[in-house]
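One structure below.
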Amino acid sequence: MNPIISAASVIAAGLAIGLSAIGPGIGQGTAAAQAVEGLARQPEAEGKIRGTLLLSLAFMESLTIYGLVVALCLLFANPFAG
Amino acid sequence: MFFSLAAVEVGAHLYWEIGGLVVHGQVMLITWLVLAIILTLAILGTSKLEQVPKGLQNFLEAVYEYVSGIAKDQIGEYHYRPWVPFVGTLFLFIFVANWLGALVPWKLIKLEEGELAAPTNDINTTVALSLLTSISYFYAGFKEKGLGFFARYISPTPIFLPINILEDFSKPLSLSFRLFGNILADEIVVSVLCLLVPLFIPLPVMVLGLFASSVQALVFSTLAAAYIGESIE
């Protein structure tokens with residue numbers, strides 16, 4: 001493989017994961033904070049809050065996973081490897 | 001010895017040629033195993049039905065209630081019944097497949113090429129599941145509303161037409177990538193940790209992987225039900 005292409009692919013894979021972790025990180029923090037607030041106000045709704053929180057966390061998590069899929073493509077199935 | 005347990009092979013497959021088609025053999029093997037497990041449980045649990053359920057029948061009834069609850073929450077009281085089998089199949093298949101991949105030390109079984117793992121860590125499986133979801137929400141919409149189904153493409157205003165069309169493509173794409181990425185990421189994290197510290201340290205991560213993969217099964221079936229419910233409404 002062309003060394004420039006492999007170096008660029010590795011850097012791009014790292015950037016893909018790192019950048020795609022920023023947004024979901026902030027979002028998950030906000031969601032968890034709101035859930036804790038809701039729990040403090042209404043402790044009897046714990047089961048429902050936990051279920052909804054986990055489901056929405058999984059949705060946010062999937063944004064990072066898209067970045068991971070791109071990174072995996074660059075590392076293991078690089079279309080430019082030639 | 002531990003290193004051989006931990007090695008991960010991304011992109012290596014056991015290729016079978018069946019009638020001119022090339023298939024990934026390791027995925028087919030585990031898929032059949034998953035089907036066999038679910039079918040055996042279902043047949044054993046429902047062969048001797050009793051008025052007062054106990055044992056396996058009790059467990060299966062709890063599973064059915066859980067699965068039909070997913071469909072009922074998303075599709076609604078009036079329309080959910082015909083969609084319980086589809087949503088339930090998605091949930092059970094993905095759940096059993098993920099846990100089978102995470103719990104069983106498949107590395108002990110040697111293959112010529114590739115390795116046995118959860119079938120959902122192959123993108124072909126997840127794309128097939130999400131395309132099935134696409135087809136079924138189109139079917140649900142057409143059955144319910146006929147050609148009026150197309151009205152949703154221009155639903156708040158016609159300006160949203162391109163976005164609404166794009167949504168039909170992004171739905172299966174995101175469904176399949178989410179499941180595939182999560183399962184593959186779990187396996188890669190576990191194997192990288194095994195490579196660094198072979199003993200004890202990967203255990204909590206494996207437990208986290210079990211939890212995450214069951215949540216992914218729930219997310220996939222919930223989203224499939226939500227898409228179906230959206231096109232029926």
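Labeling convention for the structure tokens: chains A, B, ... as they appear, residues from 1 per chain, ligands from 1 in order of appearance.
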
If we count only C-alpha atoms and set the cut-off at 12 Å, which residues sit around A:Met1, ignoring sequence neighbours fewer than 5 positions away in its own chain? Please answer as a VMD selection string. chain A and resid 6 to 9 78 to 82

Distance-based interface of chain A with chain B, 12 Å, counting only C-alpha atoms, as a short mmCIF file (atom, residue, chain, number, x, y, z; two decimals) with C-alpha atoms, in the first residue's frame:
data_model
loop_
_atom_site.label_atom_id
_atom_site.label_comp_id
_atom_site.auth_asym_id
_atom_site.auth_seq_id
_atom_site.Cartn_x
_atom_site.Cartn_y
_atom_site.Cartn_z
CA ILE A 17 -13.73 8.26 16.24
CA GLY A 51 -35.94 2.58 30.50
CA THR A 52 -36.33 5.77 28.50
CA LEU A 53 -32.84 6.96 29.45
CA LEU A 54 -31.19 3.71 28.37
CA LEU A 55 -33.04 3.71 25.06
CA SER A 56 -32.12 7.31 24.27
CA LEU A 57 -28.52 6.73 25.36
CA ALA A 58 -28.37 3.85 22.89
CA PHE A 59 -29.58 6.16 20.13
CA MET A 60 -26.90 8.73 20.91
CA GLU A 61 -24.32 5.99 21.20
CA SER A 62 -25.12 4.94 17.67
CA LEU A 63 -23.78 8.27 16.33
CA THR A 64 -20.36 7.37 17.67
CA ILE A 65 -20.80 3.92 16.25
CA TYR A 66 -21.22 5.43 12.77
CA GLY A 67 -17.84 7.07 13.24
CA LEU A 68 -16.48 3.72 14.36
CA VAL A 69 -17.84 2.01 11.25
CA VAL A 70 -16.11 4.61 9.07
CA ALA A 71 -12.88 4.10 11.01
CA LEU A 72 -13.14 0.32 10.67
CA CYS A 73 -13.72 0.68 6.92
CA LEU A 75 -8.51 0.39 8.68
CA PHE A 76 -9.69 -3.03 7.52
CA ALA A 77 -11.51 -2.52 4.21
CA ASN A 78 -9.82 0.54 2.77
#

Can you measure atom CA of B:Pro204 to atom CA of B:Phe95 for me? One decimal in Å is fine.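 Atom CA of B:Phe95 lies 19.5 Å from atom CA of B:Pro204.
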
Would you give me, as a PyMOL selection string, the residues in chain B that DSSP reads as alpha helix (DSSP H)? chain B and resi 2-6+25-46+56-75+84-103+123-145+161-196+202-232

For B:Thr120, find every residue with an atom within 9 Å (counting only C-alpha atoms), except residues of its own chain fewer than 3 positions away, and show them as a PyMOL selection string. chain B and resi 27+94+97-98+101+117+123-126+179-180+183-184

Would you write out those residues with C-alpha atoms, as an mmCIF file, in the first residue's frame?
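And here is the file that came out, result-v7.cif:
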data_model
loop_
_atom_site.group_PDB
_atom_site.id
_atom_site.type_symbol
_atom_site.label_atom_id
_atom_site.label_comp_id
_atom_site.auth_asym_id
_atom_site.auth_seq_id
_atom_site.Cartn_x
_atom_site.Cartn_y
_atom_site.Cartn_z
ATOM 1 C CA VAL B 27 -22.259 -16.569 9.656
ATOM 2 C CA ILE B 94 -30.820 -10.460 17.478
ATOM 3 C CA ALA B 97 -27.370 -14.104 18.245
ATOM 4 C CA ASN B 98 -25.625 -11.372 20.246
ATOM 5 C CA GLY B 101 -21.493 -14.537 20.166
ATOM 6 C CA ALA B 117 -18.795 -15.166 16.133
ATOM 7 C CA ILE B 123 -22.860 -6.391 7.862
ATOM 8 C CA ASN B 124 -24.763 -8.662 5.456
ATOM 9 C CA THR B 125 -26.931 -10.009 8.283
ATOM 10 C CA THR B 126 -27.796 -6.599 9.659
ATOM 11 C CA LEU B 179 -26.304 -3.033 15.114
ATOM 12 C CA PHE B 180 -23.226 -4.025 13.109
ATOM 13 C CA ILE B 183 -21.510 -5.801 18.036
ATOM 14 C CA LEU B 184 -18.224 -5.528 16.168
#
